[in-house]
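See below for start24.txt, which holds compact mmCIF, C-alpha atoms (C1' of nucleotides).
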```txt
# COMPACT_ATOMS: atom_id res chain seq x y z
CA MET D 1 1.41 23.78 -28.61
CA VAL D 2 3.00 20.35 -28.62
CA GLY D 3 1.42 17.56 -26.65
CA VAL D 4 0.16 17.40 -23.10
CA ALA D 5 2.26 14.30 -22.32
CA ASN D 6 4.80 16.10 -20.15
CA SER D 7 4.36 13.58 -17.41
CA VAL D 8 7.25 12.68 -15.18
CA THR D 9 7.36 10.74 -11.93
CA LYS D 10 8.45 12.21 -8.62
CA ARG D 11 11.90 10.67 -8.93
CA GLU D 12 12.30 11.86 -12.48
CA ARG D 13 11.26 15.30 -11.31
CA ASP D 14 13.89 15.25 -8.58
CA CYS D 15 16.52 14.22 -11.07
CA LEU D 16 15.49 16.88 -13.55
CA VAL D 17 15.62 19.59 -10.91
CA ASN D 18 18.97 18.41 -9.63
CA LEU D 19 20.41 18.46 -13.10
CA LYS D 20 19.04 21.92 -13.70
CA GLU D 21 20.29 23.38 -10.45
CA LYS D 22 23.64 21.66 -10.15
CA THR D 23 24.77 22.01 -13.73
CA ARG D 24 27.17 24.94 -14.11
CA ALA D 25 28.21 26.48 -17.39
CA GLY D 26 26.77 23.65 -19.41
CA PHE D 27 29.01 21.04 -17.84
CA PRO D 28 27.40 17.63 -17.50
CA LEU D 29 27.00 15.99 -14.11
CA ARG D 30 28.58 12.70 -13.21
CA LEU D 31 26.19 9.91 -12.53
CA HIS D 32 27.51 9.52 -9.01
CA GLU D 33 26.84 13.18 -8.28
CA ILE D 34 23.24 12.64 -9.22
CA ALA D 35 23.09 9.45 -7.20
CA ASP D 36 24.54 11.26 -4.18
CA ALA D 37 22.18 14.20 -4.53
CA MET D 38 19.20 11.89 -4.80
CA GLU D 39 20.48 9.61 -2.05
CA VAL D 40 20.30 6.46 -4.11
CA LYS D 41 22.88 4.04 -5.43
CA PRO D 42 24.34 4.61 -8.89
CA PRO D 43 22.40 1.80 -10.59
CA THR D 44 19.18 3.34 -9.36
CA ALA D 45 20.18 6.76 -10.63
CA LEU D 46 21.08 5.24 -13.95
CA GLY D 47 17.58 3.83 -14.32
CA ILE D 48 16.04 7.21 -13.63
CA VAL D 49 18.39 8.99 -16.02
CA ARG D 50 17.52 6.45 -18.68
CA ARG D 51 13.84 7.03 -18.24
CA LEU D 52 14.49 10.75 -18.61
CA ALA D 53 16.54 10.04 -21.70
CA SER D 54 13.75 7.95 -23.18
CA LYS D 55 11.49 10.98 -22.80
CA GLY D 56 14.01 13.19 -24.52
CA TYR D 57 14.85 15.13 -21.37
CA ALA D 58 18.44 13.99 -20.84
CA GLU D 59 21.42 12.51 -22.57
CA SER D 60 23.92 10.23 -20.97
CA LYS D 61 27.28 9.09 -22.24
CA GLY D 62 29.90 7.36 -20.17
CA GLY D 63 28.44 8.53 -16.92
CA MET D 64 28.23 12.16 -18.02
CA VAL D 65 24.66 13.37 -17.90
CA ILE D 66 23.22 16.53 -19.42
CA LEU D 67 19.76 17.91 -19.89
CA THR D 68 18.54 18.33 -23.43
CA GLU D 69 16.92 21.59 -24.47
CA SER D 70 13.59 19.96 -23.85
CA GLY D 71 14.67 18.71 -20.43
CA SER D 72 15.97 22.11 -19.52
CA ALA D 73 12.66 23.66 -20.52
CA ARG D 74 10.76 21.10 -18.52
CA ALA D 75 12.92 21.77 -15.47
CA ARG D 76 12.44 25.52 -15.86
CA SER D 77 8.72 24.97 -16.03
CA ILE D 78 8.73 22.78 -12.94
CA LEU D 79 10.73 25.40 -11.07
CA LEU D 80 8.27 28.09 -12.02
CA VAL D 81 5.44 26.01 -10.63
CA HIS D 82 7.57 25.13 -7.61
CA ARG D 83 8.30 28.73 -6.74
CA THR D 84 4.74 29.76 -7.29
CA PHE D 85 3.42 27.26 -4.78
CA GLU D 86 6.30 27.88 -2.45
CA SER D 87 5.34 31.55 -2.44
CA LEU D 88 1.70 30.73 -1.87
CA PHE D 89 2.58 28.47 1.03
CA CYS D 90 4.83 31.06 2.62
CA GLN D 91 2.27 33.80 2.17
CA SER D 92 -0.10 31.50 4.02
CA GLY D 93 2.20 31.27 6.99
CA ILE D 94 3.92 27.98 6.26
CA SER D 95 7.65 27.87 7.00
CA SER D 96 9.86 28.07 3.97
CA SER D 97 11.42 24.68 4.49
CA ILE D 98 8.03 22.99 4.65
CA ALA D 99 6.81 25.15 1.79
CA CYS D 100 9.70 23.91 -0.30
CA ARG D 101 9.11 20.28 0.55
CA GLU D 102 5.38 20.44 -0.15
CA ALA D 103 5.87 22.37 -3.36
CA GLY D 104 8.21 19.65 -4.51
CA GLU D 105 5.45 17.10 -4.14
CA ILE D 106 3.16 18.85 -6.58
CA ASP D 107 5.21 21.09 -8.85
CA PHE D 108 5.52 18.44 -11.54
CA LEU D 109 1.79 17.76 -11.54
CA ILE D 110 0.45 21.23 -12.24
CA PRO D 111 0.77 22.75 -15.73
CA GLU D 112 2.86 25.88 -15.97
CA LYS D 113 -0.03 27.68 -17.60
CA ASN D 114 -2.15 27.23 -14.51
CA ALA D 115 0.67 28.16 -12.18
CA ARG D 116 1.05 31.44 -14.03
CA LEU D 117 -2.57 32.24 -13.33
CA ILE D 118 -2.14 31.37 -9.67
CA LEU D 119 0.94 33.55 -9.57
CA LYS D 120 -1.19 36.55 -10.55
CA ARG D 121 -3.76 35.66 -7.94
CA ILE D 122 -1.11 35.81 -5.23
CA ASP D 123 0.12 39.23 -6.27
CA SER D 124 2.86 38.20 -8.69
CA PRO D 125 5.87 37.90 -6.39
CA LYS D 126 9.07 38.25 -8.36
CA VAL D 127 11.13 35.88 -6.24
CA CYS D 128 10.42 32.75 -4.24
CA PRO D 129 11.01 32.59 -0.48
CA HIS D 130 14.63 31.62 -1.15
CA GLY D 131 15.12 34.68 -3.27
CA LYS D 132 15.21 32.81 -6.57
CA PRO D 133 13.47 34.49 -9.49
CA ILE D 134 10.06 33.28 -10.57
CA GLY D 135 9.29 33.45 -14.23
CA ASP D 136 12.61 33.52 -16.01
CA ALA D 137 15.95 31.79 -15.21
CA MET C 10 -0.97 13.82 17.14
CA VAL C 11 -0.63 10.32 15.74
CA GLY C 12 1.80 9.66 12.91
CA VAL C 13 2.41 11.46 9.68
CA ALA C 14 1.98 8.27 7.65
CA ASN C 15 -1.33 9.18 6.06
CA SER C 16 -0.01 8.38 2.66
CA VAL C 17 -2.29 7.02 -0.02
CA THR C 18 -1.74 6.57 -3.74
CA LYS C 19 -3.75 8.35 -6.40
CA ARG C 20 -5.94 5.31 -6.98
CA GLU C 21 -6.52 4.81 -3.30
CA ARG C 22 -7.45 8.47 -3.07
CA ASP C 23 -9.97 8.09 -5.87
CA CYS C 24 -11.48 5.10 -4.17
CA LEU C 25 -11.64 6.84 -0.81
CA VAL C 26 -13.36 9.87 -2.33
CA ASN C 27 -15.80 7.70 -4.24
CA LEU C 28 -16.71 5.82 -1.13
CA LYS C 29 -17.18 9.02 0.79
CA GLU C 30 -19.31 10.71 -1.84
CA LYS C 31 -21.39 7.78 -3.03
CA THR C 32 -22.17 6.23 0.31
CA ARG C 33 -25.67 7.20 1.45
CA ALA C 34 -27.00 6.78 4.95
CA GLY C 35 -24.12 4.57 5.98
CA PHE C 36 -24.93 1.91 3.39
CA PRO C 37 -21.89 0.14 2.02
CA LEU C 38 -21.08 0.22 -1.67
CA ARG C 39 -20.92 -2.88 -3.79
CA LEU C 40 -17.56 -3.68 -5.21
CA HIS C 41 -18.86 -3.41 -8.75
CA GLU C 42 -20.16 0.10 -8.08
CA ILE C 43 -16.69 1.13 -7.05
CA ALA C 44 -15.20 -0.63 -10.05
CA ASP C 45 -17.65 1.16 -12.35
CA ALA C 46 -17.03 4.54 -10.75
CA MET C 47 -13.29 4.11 -11.06
CA GLU C 48 -13.55 2.63 -14.53
CA VAL C 49 -11.63 -0.51 -13.71
CA LYS C 50 -12.52 -4.18 -13.59
CA PRO C 51 -13.70 -5.68 -10.29
CA PRO C 52 -10.44 -7.53 -9.54
CA THR C 53 -8.56 -4.27 -9.84
CA ALA C 54 -10.99 -2.50 -7.55
CA LEU C 55 -10.68 -5.34 -5.09
CA GLY C 56 -6.93 -4.83 -4.91
CA ILE C 57 -7.35 -1.14 -4.23
CA VAL C 58 -9.98 -1.75 -1.58
CA ARG C 59 -7.72 -4.27 0.07
CA ARG C 60 -4.88 -1.83 0.21
CA LEU C 61 -7.22 0.68 1.81
CA ALA C 62 -8.34 -1.99 4.25
CA SER C 63 -4.74 -2.77 5.13
CA LYS C 64 -4.33 0.88 6.06
CA GLY C 65 -7.42 0.78 8.20
CA TYR C 66 -9.43 3.01 5.90
CA ALA C 67 -12.01 0.52 4.67
CA GLU C 68 -13.68 -2.75 5.50
CA SER C 69 -14.88 -5.24 2.97
CA LYS C 70 -17.12 -8.27 3.47
CA GLY C 71 -18.70 -10.23 0.66
CA GLY C 72 -18.37 -7.42 -1.82
CA MET C 73 -19.86 -4.82 0.51
CA VAL C 74 -17.39 -2.04 1.15
CA ILE C 75 -17.55 0.65 3.81
CA LEU C 76 -15.20 3.30 5.06
CA THR C 77 -13.99 3.00 8.61
CA GLU C 78 -14.10 6.02 10.88
CA SER C 79 -10.48 6.61 10.03
CA GLY C 80 -11.14 6.28 6.30
CA SER C 81 -14.03 8.66 6.54
CA ALA C 82 -11.86 11.18 8.34
CA ARG C 83 -9.13 10.81 5.74
CA ALA C 84 -11.64 11.33 2.93
CA ARG C 85 -13.04 14.39 4.69
CA SER C 86 -9.54 15.75 4.98
CA ILE C 87 -8.79 15.10 1.33
CA LEU C 88 -12.00 16.85 0.33
CA LEU C 89 -11.10 19.88 2.39
CA VAL C 90 -7.77 20.11 0.63
CA HIS C 91 -9.46 19.43 -2.68
CA ARG C 92 -11.96 22.23 -2.30
CA THR C 93 -9.34 24.62 -1.06
CA PHE C 94 -7.23 24.18 -4.16
CA GLU C 95 -10.26 24.08 -6.39
CA SER C 96 -11.23 27.46 -5.01
CA LEU C 97 -7.74 28.83 -5.47
CA PHE C 98 -7.67 27.62 -9.06
CA CYS C 99 -11.04 29.11 -9.84
CA GLN C 100 -10.15 32.39 -8.20
CA SER C 101 -7.15 32.42 -10.49
CA GLY C 102 -9.30 32.13 -13.57
CA ILE C 103 -9.09 28.41 -14.23
CA SER C 104 -12.33 26.74 -15.31
CA SER C 105 -14.04 24.73 -12.63
CA SER C 106 -13.75 21.44 -14.47
CA ILE C 107 -10.01 21.84 -14.90
CA ALA C 108 -9.74 23.15 -11.34
CA CYS C 109 -11.43 19.99 -10.12
CA ARG C 110 -9.20 17.71 -12.15
CA GLU C 111 -5.99 19.45 -11.06
CA ALA C 112 -7.07 19.59 -7.44
CA GLY C 113 -7.63 15.86 -7.57
CA GLU C 114 -4.01 15.33 -8.54
CA ILE C 115 -2.66 17.00 -5.43
CA ASP C 116 -5.33 16.95 -2.73
CA PHE C 117 -4.00 13.73 -1.20
CA LEU C 118 -0.46 15.06 -1.07
CA ILE C 119 -0.94 18.23 0.94
CA PRO C 120 -1.62 18.04 4.69
CA GLU C 121 -4.96 19.41 5.82
CA LYS C 122 -3.19 21.69 8.27
CA ASN C 123 -1.44 23.48 5.43
CA ALA C 124 -4.58 23.63 3.31
CA ARG C 125 -6.34 25.40 6.15
CA LEU C 126 -3.67 28.08 6.14
CA ILE C 127 -3.99 28.49 2.39
CA LEU C 128 -7.74 28.71 2.76
CA LYS C 129 -7.30 31.79 4.93
CA ARG C 130 -4.88 33.30 2.45
CA ILE C 131 -7.51 33.05 -0.28
CA ASP C 132 -10.17 34.79 1.78
CA SER C 133 -11.78 31.76 3.40
CA PRO C 134 -14.44 30.85 0.86
CA LYS C 135 -17.19 28.83 2.52
CA VAL C 136 -17.99 26.68 -0.49
CA CYS C 137 -16.05 25.24 -3.39
CA PRO C 138 -16.82 26.17 -7.00
CA HIS C 139 -19.40 23.36 -7.08
CA GLY C 140 -21.14 24.80 -4.06
CA LYS C 141 -19.98 22.10 -1.69
CA PRO C 142 -19.03 23.26 1.80
CA ILE C 143 -15.37 23.61 2.73
CA GLY C 144 -14.41 22.83 6.24
CA ASP C 145 -17.14 20.64 7.66
CA ALA C 146 -19.27 17.86 6.06
C1' DT B 13 54.17 -0.08 -18.07
C1' DA B 14 51.52 -2.39 -14.71
C1' DA B 15 48.62 -1.86 -10.78
C1' DT B 16 45.05 0.33 -8.63
C1' DA B 17 41.33 3.33 -7.68
C1' DA B 18 37.25 5.38 -9.22
C1' DC B 19 33.56 5.16 -11.65
C1' DA B 20 29.81 3.19 -14.85
C1' DT B 21 27.28 -0.52 -16.19
C1' DT B 22 25.10 -5.19 -16.20
C1' DA B 23 22.94 -8.84 -14.17
C1' DG B 24 20.05 -10.49 -11.02
C1' DT B 25 16.47 -9.78 -7.18
C1' DG B 26 12.77 -7.90 -4.83
C1' DT B 27 8.78 -4.83 -3.77
C1' DT B 28 4.64 -2.11 -4.65
C1' DA B 29 1.02 -0.42 -7.40
C1' DT B 30 -1.63 -0.96 -11.16
C1' DA B 31 -4.55 -3.58 -14.52
C1' DC B 32 -6.12 -7.32 -17.20
C1' DT B 33 -8.48 -12.07 -18.49
C1' DA B 34 -10.15 -16.44 -17.39
C1' DA B 35 -11.70 -19.57 -14.26
C1' DC B 36 -14.17 -20.67 -10.21
C1' DG B 37 -17.43 -20.17 -6.28
C1' DT B 38 -21.80 -18.81 -4.42
C1' DA B 39 -26.14 -17.27 -3.80
C1' DT B 40 -30.69 -15.92 -5.34
C1' DG B 41 -34.67 -15.83 -7.89
C1' DG B 42 -37.36 -17.96 -11.37
C1' DC Y 12 -32.74 -26.92 -10.73
C1' DC Y 13 -30.59 -23.65 -13.36
C1' DA Y 14 -29.19 -19.27 -15.00
C1' DT Y 15 -27.60 -14.89 -13.75
C1' DA Y 16 -25.05 -11.82 -11.17
C1' DC Y 17 -21.55 -11.02 -8.45
C1' DG Y 18 -17.16 -11.72 -5.85
C1' DT Y 19 -12.93 -13.86 -5.64
C1' DT Y 20 -8.68 -16.41 -7.13
C1' DA Y 21 -5.23 -17.42 -10.11
C1' DG Y 22 -2.29 -16.15 -13.36
C1' DT Y 23 -0.04 -12.68 -16.26
C1' DA Y 24 1.98 -8.22 -17.34
C1' DT Y 25 3.99 -3.66 -16.91
C1' DA Y 26 6.29 0.29 -14.81
C1' DA Y 27 8.80 2.47 -11.30
C1' DC Y 28 11.80 2.05 -7.76
C1' DA Y 29 15.74 0.22 -5.13
C1' DC Y 30 19.30 -2.90 -3.82
C1' DT Y 31 23.80 -6.01 -4.10
C1' DA Y 32 27.34 -8.21 -6.54
C1' DA Y 33 29.94 -8.69 -10.46
C1' DT Y 34 32.07 -6.82 -14.46
C1' DG Y 35 33.98 -3.17 -17.55
C1' DT Y 36 36.51 0.89 -18.40
C1' DT Y 37 39.44 4.64 -17.71
C1' DA Y 38 42.71 7.24 -15.83
C1' DT Y 39 46.11 8.10 -12.54
C1' DT Y 40 50.09 6.90 -10.30
C1' DA Y 41 53.72 4.34 -8.59
```

Starting from the file, lay out its structure as structure tokens.
Amino acid sequence: MVGVANSVTKRERDCLVNLKEKTRAGFPLRLHEIADAMEVKPPTALGIVRRLASKGYAESKGGMVILTESGSARARSILLVHRTFESLFCQSGISSSIACREAGEIDFLIPEKNARLILKRIDSPKVCPHGKPIGDA
Amino acid sequence: MVGVANSVTKRERDCLVNLKEKTRAGFPLRLHEIADAMEVKPPTALGIVRRLASKGYAESKGGMVILTESGSARARSILLVHRTFESLFCQSGISSSIACREAGEIDFLIPEKNARLILKRIDSPKVCPHGKPIGDA
DNA sequence: TAATAACATTAGTGTTATACTAACGTATGG
DNA sequence: CCATACGTTAGTATAACACTAATGTTATTA
């Protein structure tokens, strides 16, 4: 057990998730890809990436941005929480697009440990409403 | 249906909930009571109260602070969401103190409408883990 | 090779939310 | 009348977010 200081902001969360989902075969993303995905200007994206870097979640060199091991783990954890709540919301009758949006507002605030317990409570679905696996990756 | 711009910050949420829960018989709270409850200095509390006032959720005159009708409704809504998630967390095996803390991190981010759907999904408990009623007040 | 296009980065601003201390105002009860 | 209690202002600070404009840097291409 390390520390409980996993805290990221909403924007940092978005960046982390983008990096995790858009990175293919270990290739870094360009800063402008991140900026485009997040719908902000490059200088704004740079600030966010730097905050992630200062937390040990990303590394950035010459506009090439990659997640560190720690950042990748954090993103995986966020996605587990995300898909858990997304599933809960869908099971409750909320549309999957709204479920996804709402889950994104809270997935970085709830510890993975608690999400795993909730996952059991909602009958341990193996995939989220989009068909993505919950619990590995 | 009015607008979907119900957004409050975490601190504003805390203040709103404090006002709702500590106000008795319609009596306003003193600024310093709010400051004490939120563990901040009076000038800080004043700033938060003023932001609430600018959103139409509170009124403040000479250090006496009251919720408006709209603020009271917003607080009620937050508490419904809060108790819904608190119940979910407890049903999942999370201790009630942690459930309460975690619920407080997200209760102001999830629309009441969605919480009501989740409430059904988790078997419509009538009271939260602290015994407070869910769904009226 | 020199020019240009594409991109990153810096510099400089601005906003909002949060929080503090210190100073000041005001009112009330001794 | 004065001390106490309280609110309020003023002033400072930090962090996150976001922008434009200017400046570097790199790589392609003409």

_Residues within 10 Å of Gly56 in chain C, please, as a ChimeraX atom specification. Count only C-alpha atoms (C1' of nucleotides); anything in the same chain fewer than 6 positions from it doesn't count._
/C:21,62 /B:29-31

Test item: residues at most 8 Å from range 15-25 of chain B, all atoms listed in the file, excluding those fewer than 3 positions along its chain, as a PDB file with C-alpha atoms (C1' of nucleotides), in the frame of the given file:
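The result, written out as result-v4.pdb:
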```pdb
ATOM      1  CA  LEU D  31      26.190   9.910 -12.530  1.00  0.00           C
ATOM      2  CA  HIS D  32      27.510   9.520  -9.010  1.00  0.00           C
ATOM      3  CA  PRO D  43      22.400   1.800 -10.590  1.00  0.00           C
ATOM      4  CA  GLY D  62      29.900   7.360 -20.170  1.00  0.00           C
ATOM      5  CA  GLY D  63      28.440   8.530 -16.920  1.00  0.00           C
TER       6      GLY D  63
ATOM      7  C1'  DA Y  33      29.940  -8.690 -10.460  1.00  0.00           C
ATOM      8  C1'  DT Y  34      32.070  -6.820 -14.460  1.00  0.00           C
ATOM      9  C1'  DG Y  35      33.980  -3.170 -17.550  1.00  0.00           C
ATOM     10  C1'  DT Y  36      36.510   0.890 -18.400  1.00  0.00           C
TER      11       DT Y  36
END
```

_Sphere at (-9.9, -11.5, -6.5), radius 8 Å, counting all atoms listed in the file: residues as a count of residues only_ = 7

*Straight-line distance linking CA of Leu117 in chain D with CA of Glu121 in chain C, stated in Å to one decimal*: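 Computing the Euclidean distance for CA of Leu117 in chain D and CA of Glu121 in chain C yields 23.2 Å.
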
*Need the neighbours of (-8.9, -15.7, -18.4): which residues are at most 10 Å away, counting all atoms listed in the file, as a PyMOL selection string?*
(chain B and resi 32-35) or (chain Y and resi 21-23)

*So which residues touch range 99-115 of chain C within 7 Å, counting only C-alpha atoms (C1' of nucleotides), skipping near sequence neighbours fewer than 2 positions away, as a PyMOL selection string?*
(chain D and resi 106+109-110+117-118+121) or (chain C and resi 91+94-97+117-119+138)

With C-alpha atoms kept, could you save the residues just selected as a PDB file, keeping the file's coordinate frame?
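The resulting file, selection_20.pdb, is shown below:
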```pdb
ATOM      1  CA  ILE D 106       3.160  18.850  -6.580  1.00  0.00           C
ATOM      2  CA  LEU D 109       1.790  17.760 -11.540  1.00  0.00           C
ATOM      3  CA  ILE D 110       0.450  21.230 -12.240  1.00  0.00           C
ATOM      4  CA  LEU D 117      -2.570  32.240 -13.330  1.00  0.00           C
ATOM      5  CA  ILE D 118      -2.140  31.370  -9.670  1.00  0.00           C
ATOM      6  CA  ARG D 121      -3.760  35.660  -7.940  1.00  0.00           C
TER       7      ARG D 121
ATOM      8  CA  HIS C  91      -9.460  19.430  -2.680  1.00  0.00           C
ATOM      9  CA  PHE C  94      -7.230  24.180  -4.160  1.00  0.00           C
ATOM     10  CA  GLU C  95     -10.260  24.080  -6.390  1.00  0.00           C
ATOM     11  CA  SER C  96     -11.230  27.460  -5.010  1.00  0.00           C
ATOM     12  CA  LEU C  97      -7.740  28.830  -5.470  1.00  0.00           C
ATOM     13  CA  PHE C 117      -4.000  13.730  -1.200  1.00  0.00           C
ATOM     14  CA  LEU C 118      -0.460  15.060  -1.070  1.00  0.00           C
ATOM     15  CA  ILE C 119      -0.940  18.230   0.940  1.00  0.00           C
ATOM     16  CA  PRO C 138     -16.820  26.170  -7.000  1.00  0.00           C
TER      17      PRO C 138
END
```

*Shell around range 56-60 of chain D at 10 Å using all atoms listed in the file, local window under 6 positions removed, as a ChimeraX atom specification*: /D:12,15-16,19,28-31,46,49-50,66-75

*For CA of Glu48 in chain C and CA of Arg60 in chain C, determine how far apart the two atoms are, in Å to one decimal place.*
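Those two atoms sit 17.7 Å apart.
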
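We find CA of Thr9 in chain D and CA of Lys41 in chain D to be spaced 18.1 Å apart.
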
At a cut-off of 10 Å, which residues of chain Y touch chain D? Count only C-alpha atoms (C1' of nucleotides) and give the answer as a PDB file with C-alpha atoms (C1' of nucleotides), in the frame of the given file.
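Wrote iface.pdb, looks like this:
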```pdb
ATOM      1  C1'  DA Y  27       8.800   2.470 -11.300  1.00  0.00           C
ATOM      2  C1'  DC Y  28      11.800   2.050  -7.760  1.00  0.00           C
ATOM      3  C1'  DA Y  29      15.740   0.220  -5.130  1.00  0.00           C
ATOM      4  C1'  DC Y  30      19.300  -2.900  -3.820  1.00  0.00           C
ATOM      5  C1'  DT Y  36      36.510   0.890 -18.400  1.00  0.00           C
TER       6       DT Y  36
END
```

Would you compute the box with edges along x, y and z of the file around range 33-45 of chain D, including every atom the file lists for it and 5 Å extra on each side, and give its centre and edge lengths in Å to one decimal, as AutoDock Vina command-line options?
```
--center_x 23.0 --center_y 8.0 --center_z -6.3 --size_x 17.7 --size_y 22.4 --size_z 18.6
```

Please output range 122-129 of chain C, rebuilt to include all heavy atoms, as a PDB file, in the coordinates of the input.
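Below is the file that was written, out.pdb:
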```pdb
ATOM      1  N   LYS C 122      -3.661  20.554   7.475  1.00  0.00           N
ATOM      2  CA  LYS C 122      -3.190  21.690   8.270  1.00  0.00           C
ATOM      3  C   LYS C 122      -2.711  22.834   7.353  1.00  0.00           C
ATOM      4  O   LYS C 122      -3.035  24.009   7.568  1.00  0.00           O
ATOM      5  CB  LYS C 122      -2.038  21.200   9.153  1.00  0.00           C
ATOM      6  CG  LYS C 122      -1.479  22.201  10.129  1.00  0.00           C
ATOM      7  CD  LYS C 122      -0.324  21.540  10.912  1.00  0.00           C
ATOM      8  CE  LYS C 122       0.844  22.496  11.054  1.00  0.00           C
ATOM      9  NZ  LYS C 122       2.101  21.806  11.436  1.00  0.00           N
ATOM     10  N   ASN C 123      -1.946  22.466   6.344  1.00  0.00           N
ATOM     11  CA  ASN C 123      -1.440  23.480   5.430  1.00  0.00           C
ATOM     12  C   ASN C 123      -2.552  24.043   4.545  1.00  0.00           C
ATOM     13  O   ASN C 123      -2.574  25.241   4.253  1.00  0.00           O
ATOM     14  CB  ASN C 123      -0.315  22.903   4.574  1.00  0.00           C
ATOM     15  CG  ASN C 123       0.905  22.553   5.409  1.00  0.00           C
ATOM     16  OD1 ASN C 123       1.057  23.051   6.525  1.00  0.00           O
ATOM     17  ND2 ASN C 123       1.756  21.695   4.894  1.00  0.00           N
ATOM     18  N   ALA C 124      -3.455  23.170   4.142  1.00  0.00           N
ATOM     19  CA  ALA C 124      -4.580  23.630   3.310  1.00  0.00           C
ATOM     20  C   ALA C 124      -5.406  24.663   4.066  1.00  0.00           C
ATOM     21  O   ALA C 124      -5.874  25.653   3.495  1.00  0.00           O
ATOM     22  CB  ALA C 124      -5.437  22.444   2.883  1.00  0.00           C
ATOM     23  N   ARG C 125      -5.554  24.441   5.356  1.00  0.00           N
ATOM     24  CA  ARG C 125      -6.340  25.400   6.150  1.00  0.00           C
ATOM     25  C   ARG C 125      -5.690  26.784   6.165  1.00  0.00           C
ATOM     26  O   ARG C 125      -6.368  27.814   6.162  1.00  0.00           O
ATOM     27  CB  ARG C 125      -6.528  24.897   7.584  1.00  0.00           C
ATOM     28  CG  ARG C 125      -7.538  23.752   7.699  1.00  0.00           C
ATOM     29  CD  ARG C 125      -7.818  23.397   9.156  1.00  0.00           C
ATOM     30  NE  ARG C 125      -8.696  22.248   9.259  1.00  0.00           N
ATOM     31  CZ  ARG C 125     -10.026  22.302   9.148  1.00  0.00           C
ATOM     32  NH1 ARG C 125     -10.626  23.463   8.936  1.00  0.00           N
ATOM     33  NH2 ARG C 125     -10.752  21.210   9.258  1.00  0.00           N
ATOM     34  N   LEU C 126      -4.377  26.795   6.183  1.00  0.00           N
ATOM     35  CA  LEU C 126      -3.670  28.080   6.140  1.00  0.00           C
ATOM     36  C   LEU C 126      -3.862  28.752   4.773  1.00  0.00           C
ATOM     37  O   LEU C 126      -4.078  29.967   4.680  1.00  0.00           O
ATOM     38  CB  LEU C 126      -2.184  27.860   6.425  1.00  0.00           C
ATOM     39  CG  LEU C 126      -1.844  27.423   7.862  1.00  0.00           C
ATOM     40  CD1 LEU C 126      -0.396  26.964   7.971  1.00  0.00           C
ATOM     41  CD2 LEU C 126      -2.130  28.551   8.848  1.00  0.00           C
ATOM     42  N   ILE C 127      -3.799  27.944   3.733  1.00  0.00           N
ATOM     43  CA  ILE C 127      -3.990  28.490   2.390  1.00  0.00           C
ATOM     44  C   ILE C 127      -5.414  29.026   2.237  1.00  0.00           C
ATOM     45  O   ILE C 127      -5.635  30.081   1.640  1.00  0.00           O
ATOM     46  CB  ILE C 127      -3.709  27.382   1.335  1.00  0.00           C
ATOM     47  CG1 ILE C 127      -2.228  27.009   1.369  1.00  0.00           C
ATOM     48  CG2 ILE C 127      -4.128  27.840  -0.064  1.00  0.00           C
ATOM     49  CD1 ILE C 127      -1.919  25.675   0.717  1.00  0.00           C
ATOM     50  N   LEU C 128      -6.335  28.295   2.825  1.00  0.00           N
ATOM     51  CA  LEU C 128      -7.740  28.710   2.760  1.00  0.00           C
ATOM     52  C   LEU C 128      -7.909  30.137   3.283  1.00  0.00           C
ATOM     53  O   LEU C 128      -8.610  30.954   2.688  1.00  0.00           O
ATOM     54  CB  LEU C 128      -8.569  27.727   3.595  1.00  0.00           C
ATOM     55  CG  LEU C 128     -10.074  27.702   3.356  1.00  0.00           C
ATOM     56  CD1 LEU C 128     -10.392  27.366   1.901  1.00  0.00           C
ATOM     57  CD2 LEU C 128     -10.722  26.667   4.276  1.00  0.00           C
ATOM     58  N   LYS C 129      -7.237  30.431   4.385  1.00  0.00           N
ATOM     59  CA  LYS C 129      -7.300  31.790   4.930  1.00  0.00           C
ATOM     60  C   LYS C 129      -6.701  32.797   3.961  1.00  0.00           C
ATOM     61  O   LYS C 129      -7.250  33.873   3.748  1.00  0.00           O
ATOM     62  CB  LYS C 129      -6.536  31.862   6.269  1.00  0.00           C
ATOM     63  CG  LYS C 129      -7.369  31.431   7.459  1.00  0.00           C
ATOM     64  CD  LYS C 129      -6.613  31.683   8.776  1.00  0.00           C
ATOM     65  CE  LYS C 129      -7.130  30.747   9.869  1.00  0.00           C
ATOM     66  NZ  LYS C 129      -6.108  30.463  10.897  1.00  0.00           N
TER      67      LYS C 129
END
```
